[in-house]
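Worksheet: the structure to be examined is printed underneath.
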Amino acid sequence: MSLDATLARIDSDLPQATERLFELLRIPSISTDPAYKDDCQTAADWLVADLESIGATVSKRHTPGHPMVVGHIDGKGPHVLFYGHYDVQPVDPLDLWDRDPFDPELQDTPNGKVIRARGSSDDKGQLMTFVEACRAWKAVNGTLPCKITFFFEGEEESGSPSLIPFMKDNADELTADIALICDTGLFDSRVPGIVTMLRGLLGEEITITGPSKDLHSGMYGGAAMNPVRVLSKIIASLHDDTGRVTVPGFYDGVPDLPEDVAAQWEGLGFDHTAFLGDVGLSHPAGEQDRTALEMIWSRPTCEVNGIKGGYTGDGFKTVLPSKASAKISFRLVGTQDPHKIRESFRAYVKSMLPPDCEVSFHGHGASPASQMQTDNPTFPKALEALSEEYGMAAAYIGCGGSIPIAGYFKNYLGMDALLAGFGKDDDQIHSPNEKYDLESFHKGIRSWARLLARL
């Protein structure tokens with residue numbers, strides 16, 4: 001097997017690989033909007049055809065929602081499953097895009113060439129890094145150095161409602177020695193990393209109802225309870241003056257950061273001043289006895305994501321609203337139980353209701369945190385591959401976001417997951433003008449090829 005020849009093939013084939021990615025990016029596979037249901041089917045069909053072109057036995061699997069794509073290539077050595085998702089976020093607000101989000105373009109920027117399109121970084125560009133590595137490896141060597149299962153989902157951006165049932169129904173086919181996931185990024189946009197800690201996520205929507213209808217604030221103000229006032233008091237009480245969350249039992253299961261991990265993170269040289277300065281801020285606002293990096297990677301949070309109530313249009317309207325609502329998310333770590341926290345949060349809110357007010361709740365997902373086991377032999381091999389490609393030591397890092405699939409692989413298929421991605425902090429995923437550096441795409445392909453060599 002020739003790694004050098006494979007890397008040379010990747011280099012020479014980069015324009016063709018980029019065009020293949022552009023074909024996939026042109027498909028508006030927005031999973032959350034029923035208007036794009038057919039486009040999600042088209043994206044799945046495109047992936048089936050592309051995997052077939054590199055010799056995989058592959059099929060589109062129907063679900064109650066958008067289809068899964070499952071493919072297999074036989075080989076000697078370990079069996080790895082590669083997971084990615086082909087669905088993308090909505091593009092709203094469209095007027096903030098500089099061009100059609102589904103008309104990909106290679107653009108020159110002060111920091112190099114970037115691929116500009118919705119899904120370029122999350123997750124089509126990342127998904128295709130592994131496919132292109134397999135394509136180049138097989139073209140040069142004839143066969144792949146291990147058995148590979150491809151597992152592509154079309155509902156990741158809409159909560160993955162079909163994922164767990166599908167995994168349970170197809171456990172024998174999907175179970176491998178390890179799962180590889182490419183849906184993360186570099187540390188500080190420069191240091192390659194393998195994510196070993198992922199926070200869980202709990203979403204809650206609360207609606208406070210007071211009077212039976214909106215009221216004139218001149219006639220009822222002061223005498224009638226205002227739901228916005230009640231909601232504001234509840235929200236303000238969720239944190240104490242030190243930044244800690246006040247929901248009873250919230251910190252049950254939150255571990256202290258091990259000293260060796262803390263030392264490694266300290267060595268990364270994270271600049272919280274620059275991190276916050278990039279978004280017009282200067283002071284960490286969370287738990288005052290924790291560093292910013294700890295707060296992002298290893299501490300739980302409670303954040304208000306949206307508030308609605310009363311008149312919010314242009315001009316002024318002296319209304320006393322009947323209802324007020326808020327969307328609140330909790331990022332979870334360690335062994336925090338999202339269901340227990342949901343129960344505690346709801347009881348806490350109910351305890352703060354005054355007379356004449358009632359509350360209703362609507363849950364939006366509840367997934368625990370994930371901790372990767374790095375004793376799997378693939379982990380050090382991946383560190384070596386990433387370090388060699390980037391010319392600097394790769395690190396085990398945390399991630400402030402939530403990628404439930406990593407925990408699902410462990411819980412439902414009994415296998416570890418390795419998360420390595422090549423996105424950058426400024427990729428603007430989920431936002432207008434999303435991009436993926438051409439260098440990230442290129443080095444991502446080369447990194448996977450190096451890992452295949454080590455496997």
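Naming works like this for the structure tokens: A, B, ... for the chains as they're shown, residue 1 at the start of each chain, ligands 1 onward in shown order.
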Close residues, Gln107 of chain A itself excluded, 10 Å, only C-alpha atoms, min 2 positions apart in chain, as an MDAnalysis selection string: chainID A and resid 104:105 109 112:116 435 437:438
Backbone-only DSSP, alpha helix (DSSP H) members of segment 27-157 of chain A, as number ranges by chain: A: 37-53, 124-141
A:Val261, A:Ile206, A:Met415, A:Leu21 ranked by distance to Gln373 of chain A, top pick (using only C-alpha atoms):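 Distance minimum relative to Gln373 of chain A lands on A:Met415.
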Contacts of segment 60-152 of chain A with segment 49-52 of chain A up to 9 Å, shortest pair per row, only C-alpha atoms, as JSON lines:
```
{"residue": "A:Gly71", "atom": "CA", "partner": "A:Leu51", "partner_atom": "CA", "distance": 7.2}
{"residue": "A:His72", "atom": "CA", "partner": "A:Leu51", "partner_atom": "CA", "distance": 8.9}
{"residue": "A:Val131", "atom": "CA", "partner": "A:Leu51", "partner_atom": "CA", "distance": 7.7}
{"residue": "A:Arg135", "atom": "CA", "partner": "A:Leu51", "partner_atom": "CA", "distance": 8.9}
{"residue": "A:Phe150", "atom": "CA", "partner": "A:Leu51", "partner_atom": "CA", "distance": 8.7}
```
Nearby residues (only C-alpha atoms) at most 12 Å from segment 162-179 of chain A, same-chain spacing under 4 positions excluded, as number ranges by chain: A: 61-72, 77-85, 146-158, 372-379, 404-420, 455
How would the residues just chosen look if you wrote them out with C-alpha atoms as a JSON list (two decimals), in the first residue's frame?
```json
[["chain", "number", "residue", "atom", "x", "y", "z"],
["A", 61, "ARG", "CA", -33.20, 3.19, 3.29],
["A", 62, "HIS", "CA", -36.62, 4.69, 3.83],
["A", 63, "THR", "CA", -37.69, 5.94, 7.26],
["A", 64, "PRO", "CA", -40.81, 7.78, 8.50],
["A", 65, "GLY", "CA", -38.81, 10.94, 7.75],
["A", 66, "HIS", "CA", -35.91, 11.47, 5.39],
["A", 67, "PRO", "CA", -33.95, 8.45, 4.14],
["A", 68, "MET", "CA", -30.73, 6.98, 5.45],
["A", 69, "VAL", "CA", -27.90, 5.96, 3.12],
["A", 70, "VAL", "CA", -25.96, 2.84, 4.07],
["A", 71, "GLY", "CA", -23.03, 1.46, 2.10],
["A", 72, "HIS", "CA", -20.34, -1.16, 2.58],
["A", 77, "GLY", "CA", -8.25, -5.31, 9.00],
["A", 78, "PRO", "CA", -10.59, -3.47, 11.36],
["A", 79, "HIS", "CA", -14.16, -2.55, 10.55],
["A", 80, "VAL", "CA", -14.90, 1.18, 10.78],
["A", 81, "LEU", "CA", -18.22, 2.97, 10.35],
["A", 82, "PHE", "CA", -18.14, 6.52, 9.02],
["A", 83, "TYR", "CA", -21.11, 8.73, 9.90],
["A", 84, "GLY", "CA", -22.13, 12.06, 8.39],
["A", 85, "HIS", "CA", -25.33, 13.94, 7.60],
["A", 146, "CYS", "CA", -10.09, -2.05, 6.20],
["A", 147, "LYS", "CA", -13.78, -2.85, 6.04],
["A", 148, "ILE", "CA", -15.84, 0.34, 5.83],
["A", 149, "THR", "CA", -19.51, 1.04, 6.45],
["A", 150, "PHE", "CA", -20.88, 4.41, 5.35],
["A", 151, "PHE", "CA", -23.86, 5.71, 7.34],
["A", 152, "PHE", "CA", -25.38, 8.99, 6.19],
["A", 153, "GLU", "CA", -28.40, 10.61, 7.84],
["A", 154, "GLY", "CA", -30.86, 13.18, 6.50],
["A", 155, "GLU", "CA", -32.43, 14.46, 9.74],
["A", 156, "GLU", "CA", -29.53, 15.61, 11.94],
["A", 157, "GLU", "CA", -30.54, 19.27, 11.68],
["A", 158, "SER", "CA", -34.13, 18.45, 12.65],
["A", 372, "MET", "CA", -15.20, 9.18, 24.53],
["A", 373, "GLN", "CA", -12.97, 6.30, 25.65],
["A", 374, "THR", "CA", -9.52, 7.00, 24.23],
["A", 375, "ASP", "CA", -8.13, 3.55, 25.07],
["A", 376, "ASN", "CA", -9.43, 2.32, 21.70],
["A", 377, "PRO", "CA", -6.27, 1.86, 19.55],
["A", 378, "THR", "CA", -7.72, 4.01, 16.76],
["A", 379, "PHE", "CA", -7.39, 7.15, 18.91],
["A", 404, "PRO", "CA", -25.97, 13.05, 20.26],
["A", 405, "ILE", "CA", -25.00, 10.46, 17.63],
["A", 406, "ALA", "CA", -21.68, 9.88, 19.43],
["A", 407, "GLY", "CA", -23.50, 8.72, 22.55],
["A", 408, "TYR", "CA", -26.02, 6.76, 20.52],
["A", 409, "PHE", "CA", -23.27, 4.64, 18.98],
["A", 410, "LYS", "CA", -22.12, 3.68, 22.47],
["A", 411, "ASN", "CA", -25.56, 3.21, 23.99],
["A", 412, "TYR", "CA", -27.25, 1.34, 21.15],
["A", 413, "LEU", "CA", -24.43, -0.31, 19.22],
["A", 414, "GLY", "CA", -21.83, -0.70, 21.97],
["A", 415, "MET", "CA", -19.00, 0.95, 20.04],
["A", 416, "ASP", "CA", -16.81, 3.96, 20.66],
["A", 417, "ALA", "CA", -16.90, 7.04, 18.45],
["A", 418, "LEU", "CA", -13.97, 9.15, 17.29],
["A", 419, "LEU", "CA", -14.79, 12.72, 16.32],
["A", 420, "ALA", "CA", -12.29, 14.51, 14.11],
["A", 455, "LEU", "CA", -5.43, 1.10, 10.07]]
```
Check which residues of segment 129-234 of chain A sit at most 8 Å from segment 327-345 of chain A using only C-alpha atoms, and return one row each with the closest pair of atoms and their distance in Å to one decimal, ordered by chain and rising number, as CSV.
```
residue,atom,partner,partner_atom,distance
A:Leu198,CA,A:Val333,CA,7.5
A:Arg199,CA,A:Leu332,CA,5.1
A:Gly200,CA,A:Leu332,CA,4.5
A:Leu201,CA,A:Arg331,CA,4.7
A:Leu202,CA,A:Phe330,CA,5.0
A:Gly203,CA,A:Ser329,CA,4.5
A:Glu204,CA,A:Ile328,CA,5.3
A:Glu205,CA,A:Lys327,CA,4.4
A:Ile206,CA,A:Lys327,CA,6.6
```
Nearest to His239 of chain A, chosen from A:Gly193, A:Ala263, A:Gly286, A:Arg26, with only C-alpha atoms counted in the distances: A:Gly286
Contact residues around Pro354 of chain A with only C-alpha atoms at 10 Å, ignoring same-chain residues under 6 positions, as a ChimeraX atom specification: /A:210,225,227,230
